[in-house]
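So this block is protein.cif, mmCIF, C-alpha atoms; chains and numbers go by the auth columns:
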data_data
#
loop_
_atom_site.group_PDB
_atom_site.id
_atom_site.type_symbol
_atom_site.label_atom_id
_atom_site.label_comp_id
_atom_site.label_asym_id
_atom_site.label_seq_id
_atom_site.Cartn_x
_atom_site.Cartn_y
_atom_site.Cartn_z
_atom_site.B_iso_or_equiv
_atom_site.auth_seq_id
_atom_site.auth_asym_id
ATOM 1 C CA MET A 1 0.000 0.000 0.000 0.00 150 A
ATOM 2 C CA ARG A 2 1.364 3.412 -0.979 0.00 151 A
ATOM 3 C CA PRO A 3 1.846 6.113 1.646 0.00 152 A
ATOM 4 C CA VAL A 4 -0.329 9.225 1.629 0.00 153 A
ATOM 5 C CA ALA A 5 1.930 12.300 1.448 0.00 154 A
ATOM 6 C CA THR A 6 1.125 16.004 1.686 0.00 155 A
ATOM 7 C CA THR A 7 3.721 18.727 1.116 0.00 156 A
ATOM 8 C CA LEU A 8 3.503 22.471 1.719 0.00 157 A
ATOM 9 C CA SER A 9 6.180 25.137 1.116 0.00 158 A
ATOM 10 C CA LYS A 10 6.059 28.724 2.357 0.00 159 A
ATOM 11 C CA ASP A 11 8.500 31.439 3.369 0.00 160 A
ATOM 12 C CA VAL A 12 9.030 32.819 6.862 0.00 161 A
ATOM 13 C CA VAL A 13 10.840 36.025 7.771 0.00 162 A
ATOM 14 C CA ALA A 14 13.739 34.720 9.860 0.00 163 A
ATOM 15 C CA PRO A 15 17.199 33.248 9.335 0.00 164 A
ATOM 16 C CA VAL A 16 17.475 29.489 8.755 0.00 165 A
ATOM 17 C CA GLU A 17 19.319 28.944 12.054 0.00 166 A
ATOM 18 C CA ARG A 18 16.578 30.659 14.079 0.00 167 A
ATOM 19 C CA VAL A 19 13.817 28.633 12.394 0.00 168 A
ATOM 20 C CA PHE A 20 15.750 25.393 12.991 0.00 169 A
ATOM 21 C CA GLN A 21 16.226 26.254 16.685 0.00 170 A
ATOM 22 C CA LEU A 22 12.494 26.841 17.097 0.00 171 A
ATOM 23 C CA LEU A 23 11.528 23.630 15.298 0.00 172 A
ATOM 24 C CA THR A 24 13.933 21.445 17.258 0.00 173 A
ATOM 25 C CA ASP A 25 13.266 22.793 20.774 0.00 174 A
ATOM 26 C CA PRO A 26 10.642 20.494 22.352 0.00 175 A
ATOM 27 C CA ALA A 27 9.788 23.129 24.973 0.00 176 A
ATOM 28 C CA ARG A 28 8.650 25.346 22.079 0.00 177 A
ATOM 29 C CA PHE A 29 6.643 22.691 20.161 0.00 178 A
ATOM 30 C CA PRO A 30 3.353 24.062 21.625 0.00 179 A
ATOM 31 C CA LEU A 31 4.112 27.432 19.996 0.00 180 A
ATOM 32 C CA TRP A 32 3.975 26.066 16.464 0.00 181 A
ATOM 33 C CA LEU A 33 2.716 22.432 16.386 0.00 182 A
ATOM 34 C CA PRO A 34 -1.095 22.537 16.102 0.00 183 A
ATOM 35 C CA GLY A 35 -2.840 20.894 19.068 0.00 184 A
ATOM 36 C CA CYS A 36 0.384 20.283 21.010 0.00 185 A
ATOM 37 C CA SER A 37 0.125 21.166 24.705 0.00 186 A
ATOM 38 C CA SER A 38 3.591 19.995 25.822 0.00 187 A
ATOM 39 C CA ALA A 39 6.654 18.021 24.758 0.00 188 A
ATOM 40 C CA GLU A 40 9.374 16.398 26.847 0.00 189 A
ATOM 41 C CA PRO A 41 12.596 15.091 25.297 0.00 190 A
ATOM 42 C CA THR A 42 14.356 12.044 26.741 0.00 191 A
ATOM 43 C CA GLY A 43 17.732 13.685 26.120 0.00 192 A
ATOM 44 C CA PRO A 44 19.481 16.091 23.770 0.00 193 A
ATOM 45 C CA MET A 45 17.875 16.507 20.368 0.00 194 A
ATOM 46 C CA LYS A 46 19.663 14.459 17.723 0.00 195 A
ATOM 47 C CA LYS A 47 18.891 11.638 15.320 0.00 196 A
ATOM 48 C CA GLY A 48 17.464 8.743 17.365 0.00 197 A
ATOM 49 C CA SER A 49 16.162 10.947 20.199 0.00 198 A
ATOM 50 C CA LYS A 50 12.645 10.404 21.508 0.00 199 A
ATOM 51 C CA VAL A 51 10.194 13.120 22.536 0.00 200 A
ATOM 52 C CA LYS A 52 6.977 12.484 24.487 0.00 201 A
ATOM 53 C CA VAL A 53 4.356 14.834 23.053 0.00 202 A
ATOM 54 C CA HIS A 54 0.927 15.666 24.485 0.00 203 A
ATOM 55 C CA PHE A 55 -2.063 16.715 22.404 0.00 204 A
ATOM 56 C CA GLY A 56 -4.605 17.478 25.115 0.00 205 A
ATOM 57 C CA LYS A 57 -5.291 14.142 26.824 0.00 206 A
ATOM 58 C CA ARG A 58 -3.582 12.119 24.070 0.00 207 A
ATOM 59 C CA ALA A 59 0.113 11.373 24.530 0.00 208 A
ATOM 60 C CA THR A 60 2.409 9.927 21.912 0.00 209 A
ATOM 61 C CA THR A 61 6.117 9.567 21.216 0.00 210 A
ATOM 62 C CA PHE A 62 8.092 10.975 18.312 0.00 211 A
ATOM 63 C CA GLU A 63 11.432 9.473 17.305 0.00 212 A
ATOM 64 C CA VAL A 64 13.763 11.882 15.515 0.00 213 A
ATOM 65 C CA VAL A 65 14.790 10.274 12.214 0.00 214 A
ATOM 66 C CA ASP A 66 16.367 13.290 10.493 0.00 215 A
ATOM 67 C CA PHE A 67 18.477 15.973 12.174 0.00 216 A
ATOM 68 C CA ALA A 68 20.964 17.895 10.045 0.00 217 A
ATOM 69 C CA GLU A 69 21.456 21.361 11.498 0.00 218 A
ATOM 70 C CA PRO A 70 20.310 23.851 10.241 0.00 219 A
ATOM 71 C CA TYR A 71 18.492 22.432 7.229 0.00 220 A
ATOM 72 C CA THR A 72 16.532 19.240 7.952 0.00 221 A
ATOM 73 C CA PHE A 73 14.504 17.833 10.823 0.00 222 A
ATOM 74 C CA GLY A 74 12.014 14.974 10.883 0.00 223 A
ATOM 75 C CA TRP A 75 10.292 12.459 13.104 0.00 224 A
ATOM 76 C CA VAL A 76 8.221 9.320 12.972 0.00 225 A
ATOM 77 C CA GLU A 77 5.425 8.757 15.453 0.00 226 A
ATOM 78 C CA ILE A 78 5.831 5.535 17.400 0.00 227 A
ATOM 79 C CA GLY A 79 2.716 6.015 19.519 0.00 228 A
ATOM 80 C CA ALA A 80 -0.980 6.174 18.709 0.00 229 A
ATOM 81 C CA ARG A 81 -0.610 7.076 15.029 0.00 230 A
ATOM 82 C CA ARG A 82 2.253 4.654 14.412 0.00 231 A
ATOM 83 C CA GLY A 83 4.141 5.404 11.224 0.00 232 A
ATOM 84 C CA GLN A 84 2.983 9.025 10.826 0.00 233 A
ATOM 85 C CA LYS A 85 6.019 11.007 9.637 0.00 234 A
ATOM 86 C CA MET A 86 6.751 14.724 9.499 0.00 235 A
ATOM 87 C CA PHE A 87 9.769 16.209 7.720 0.00 236 A
ATOM 88 C CA PHE A 88 11.010 19.796 7.578 0.00 237 A
ATOM 89 C CA GLN A 89 13.372 21.161 4.934 0.00 238 A
ATOM 90 C CA LEU A 90 14.733 24.682 5.476 0.00 239 A
ATOM 91 C CA ASP A 91 16.375 26.610 2.663 0.00 240 A
ATOM 92 C CA PHE A 92 18.077 29.993 2.649 0.00 241 A
ATOM 93 C CA ALA A 93 16.079 32.492 0.586 0.00 242 A
ATOM 94 C CA GLY A 94 17.787 35.856 1.103 0.00 243 A
ATOM 95 C CA SER A 95 16.327 37.449 4.242 0.00 244 A
ATOM 96 C CA LEU A 96 13.706 34.683 4.325 0.00 245 A
ATOM 97 C CA THR A 97 13.721 30.974 5.033 0.00 246 A
ATOM 98 C CA ALA A 98 11.806 28.687 2.696 0.00 247 A
ATOM 99 C CA VAL A 99 10.120 26.067 4.883 0.00 248 A
ATOM 100 C CA THR A 100 8.902 22.848 3.278 0.00 249 A
ATOM 101 C CA ILE A 101 6.877 20.498 5.464 0.00 250 A
ATOM 102 C CA LYS A 102 6.058 16.983 4.323 0.00 251 A
ATOM 103 C CA ASP A 103 3.519 14.858 6.166 0.00 252 A
ATOM 104 C CA VAL A 104 3.591 11.130 5.318 0.00 253 A
ATOM 105 C CA TRP A 105 1.119 8.530 6.525 0.00 254 A
ATOM 106 C CA ASP A 106 1.466 4.877 5.666 0.00 255 A
ATOM 107 C CA PRO A 107 -1.973 3.326 6.248 0.00 256 A
ATOM 108 C CA PRO A 108 -1.607 -0.039 7.999 0.00 257 A
ATOM 109 C CA SER A 109 -4.388 -1.529 5.860 0.00 258 A
ATOM 110 C CA LEU A 110 -6.827 -0.846 3.053 0.00 259 A
ATOM 111 C CA VAL A 111 -9.580 -0.565 5.658 0.00 260 A
ATOM 112 C CA ALA A 112 -7.613 2.160 7.485 0.00 261 A
ATOM 113 C CA ARG A 113 -7.141 4.081 4.226 0.00 262 A
ATOM 114 C CA LEU A 114 -10.848 3.853 3.382 0.00 263 A
ATOM 115 C CA ARG A 115 -11.882 4.813 6.918 0.00 264 A
ATOM 116 C CA ALA A 116 -9.652 7.893 6.761 0.00 265 A
ATOM 117 C CA LYS A 117 -11.160 8.956 3.428 0.00 266 A
ATOM 118 C CA LEU A 118 -14.777 8.329 4.417 0.00 267 A
ATOM 119 C CA ARG A 119 -14.684 9.568 8.016 0.00 268 A
ATOM 120 C CA PRO A 120 -11.905 12.090 8.510 0.00 269 A
ATOM 121 C CA ARG A 121 -11.433 12.944 12.180 0.00 270 A
ATOM 122 C CA ARG A 122 -9.381 16.066 11.643 0.00 271 A
ATOM 123 C CA ALA A 123 -8.839 18.805 9.115 0.00 272 A
ATOM 124 C CA PRO A 124 -7.122 17.817 5.865 0.00 273 A
ATOM 125 C CA ALA A 125 -3.355 17.420 6.174 0.00 274 A
ATOM 126 C CA HIS A 126 -2.596 20.509 4.051 0.00 275 A
ATOM 127 C CA HIS A 127 -4.694 22.635 6.478 0.00 276 A
ATOM 128 C CA HIS A 128 -2.713 21.207 9.416 0.00 277 A
ATOM 129 C CA LEU A 129 0.589 22.024 7.685 0.00 278 A
ATOM 130 C CA ASP A 130 -0.581 25.558 6.849 0.00 279 A
ATOM 131 C CA ARG A 131 -1.488 26.129 10.515 0.00 280 A
ATOM 132 C CA ALA A 132 1.996 24.948 11.528 0.00 281 A
ATOM 133 C CA ILE A 133 3.595 27.500 9.152 0.00 282 A
ATOM 134 C CA GLN A 134 1.323 30.283 10.433 0.00 283 A
ATOM 135 C CA ASN A 135 2.211 29.352 14.022 0.00 284 A
ATOM 136 C CA LEU A 136 5.923 29.340 13.111 0.00 285 A
ATOM 137 C CA ARG A 137 5.586 32.856 11.709 0.00 286 A
ATOM 138 C CA LEU A 138 3.872 34.061 14.894 0.00 287 A
ATOM 139 C CA ALA A 139 6.424 32.406 17.195 0.00 288 A
ATOM 140 C CA LEU A 140 9.311 33.901 15.233 0.00 289 A
ATOM 141 C CA THR A 141 7.897 37.445 15.451 0.00 290 A
ATOM 142 C CA GLY A 142 7.194 37.261 19.200 0.00 291 A
#
Give the structure from the file, written as structure tokens.
Amino acid sequence: MRPVATTLSKDVVAPVERVFQLLTDPARFPLWLPGCSSAEPTGPMKKGSKVKVHFGKRATTFEVVDFAEPYTFGWVEIGARRGQKMFFQLDFAGSLTAVTIKDVWDPPSLVARLRAKLRPRRAPAHHHLDRAIQNLRLALTG
């Protein structure tokens, strides 16, 4: 079964290093990650690190699978939505940073894929990614 992938690219007004620092600081996840109420790392952020993330009453764990400062960061969820992946690519664009977010979901079965299409429980993935970019912009200006 093929994964379902959604990609969104937008610019933010901040240097690449500053955007990377914000994205990779678990204490600041609630500032930009939609629905996130807290995040606790198990150690320093690097490839292989785990972060316990809370979305209201739901808790899950992210495992960092990509960490190349200051350009790429990504995780795979090993909790409730097992296999959900999120990747960030940052590119220098003059006084801006081009942020590309890719959300990848590998449905565990055909039934899961059909259920997701027929009864979505949350906003479409592109809406979720757009909210993350908007939140990033706000966090970087504050």
Next on the checklist: If the PyMOL selection byres ((chain A and resi 194) around 8) were run on this exact file, what residues would it hold? Put them as a PyMOL selection string.
Outcome noted: chain A and resi 173-174+190+192-193+195-196+198+213
Item to check | Selection under test: the PyMOL selection byres ((chain A and resi 172) around 12); residues as a PyMOL selection string | outcome: chain A and resi 165-171+173-182+194+213+216+218-224+235-239+248+250+281-282+284-286+288-289
Next on the checklist: So that I can see what lies close to A:Ser244, please list as an MDAnalysis selection string the residues with an atom at most 10 Å from it, counting only C-alpha atoms and leaving out residues fewer than 6 positions away in the same chain.
Outcome noted: chainID A and resid 160:165
Next on the checklist: I'd like the interatomic distance between atom CA of A:Pro256 and atom CA of A:Val214, to a tenth of an Å.
Outcome noted: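 Between atom CA of A:Pro256 and atom CA of A:Val214 the gap is 19.1 Å.
For the residues A:Thr290, A:Thr156, A:Thr249, A:Ser187, ranking by smallest atom-to-atom distance to A:Gly205 using only C-alpha atoms places A:Ser187 first.
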Item to check | Atomic separation - atom CA of A:Thr191 relative to atom CA of A:Asp252, Å | outcome: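 Atom CA of A:Asp252 sits 23.4 Å away from atom CA of A:Thr191.
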Checklist entry - In terms of the shortest atom-to-atom distance over all atoms listed in the file, which of A:Val153, A:Glu212, A:Lys206, A:Arg230 is closest to A:Leu263? => result A:Val153
Item to check | Interatomic distance, atom CA of A:Leu245 to atom CA of A:Ser158 (Å, one decimal) | outcome: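 Between atom CA of A:Leu245 and atom CA of A:Ser158 the gap is 12.6 Å.
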Next on the checklist: Using all atoms listed in the file, can you tell me which of A:Pro257, A:Gly228, A:Lys251, A:Thr246 comes closest to A:His275?
Outcome noted: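 Of A:Pro257, A:Gly228, A:Lys251, A:Thr246, the one nearest A:His275 is A:Lys251, counting all atoms listed in the file.
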Neighbours of point (2.9, 15.9, 26.8) within 6 Å, using all atoms listed in the file, written as a PDB file with C-alpha atoms, in the coordinates of the input:
ATOM      1  CA  SER A 187       3.591  19.995  25.822  1.00  0.00           C
ATOM      2  CA  ALA A 188       6.654  18.021  24.758  1.00  0.00           C
ATOM      3  CA  LYS A 201       6.977  12.484  24.487  1.00  0.00           C
ATOM      4  CA  VAL A 202       4.356  14.834  23.053  1.00  0.00           C
ATOM      5  CA  HIS A 203       0.927  15.666  24.485  1.00  0.00           C
ATOM      6  CA  ALA A 208       0.113  11.373  24.530  1.00  0.00           C
TER       7      ALA A 208
END
Item to check | Explicit residue set for the PyMOL selection byres ((chain A and resi 231) around 10), as a PyMOL selection string | outcome: chain A and resi 209-211+225-230+232-234+254-257
Item to check | A:Phe204, A:Gly291, A:Lys199, A:Ala247 ranked by distance to A:Ser186, top pick (using only C-alpha atoms) | outcome: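 Of the candidates, the smallest distance to A:Ser186 is held by A:Phe204.
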Using 5 Å of padding on each side, determine the axis-aligned box around all atoms of stretch 223-229 of chain A present in the file and give its centre and edge lengths in Å to one decimal, as AutoDock Vina command-line options.
--center_x 5.5 --center_y 10.3 --center_z 15.2 --size_x 23.0 --size_y 19.4 --size_z 18.6
Item to check | Given all atoms listed in the file as the counted atoms, nearest of A:Gly243, A:Thr155, A:Gly184, A:Ala274 to A:Arg207 | outcome: A:Gly184
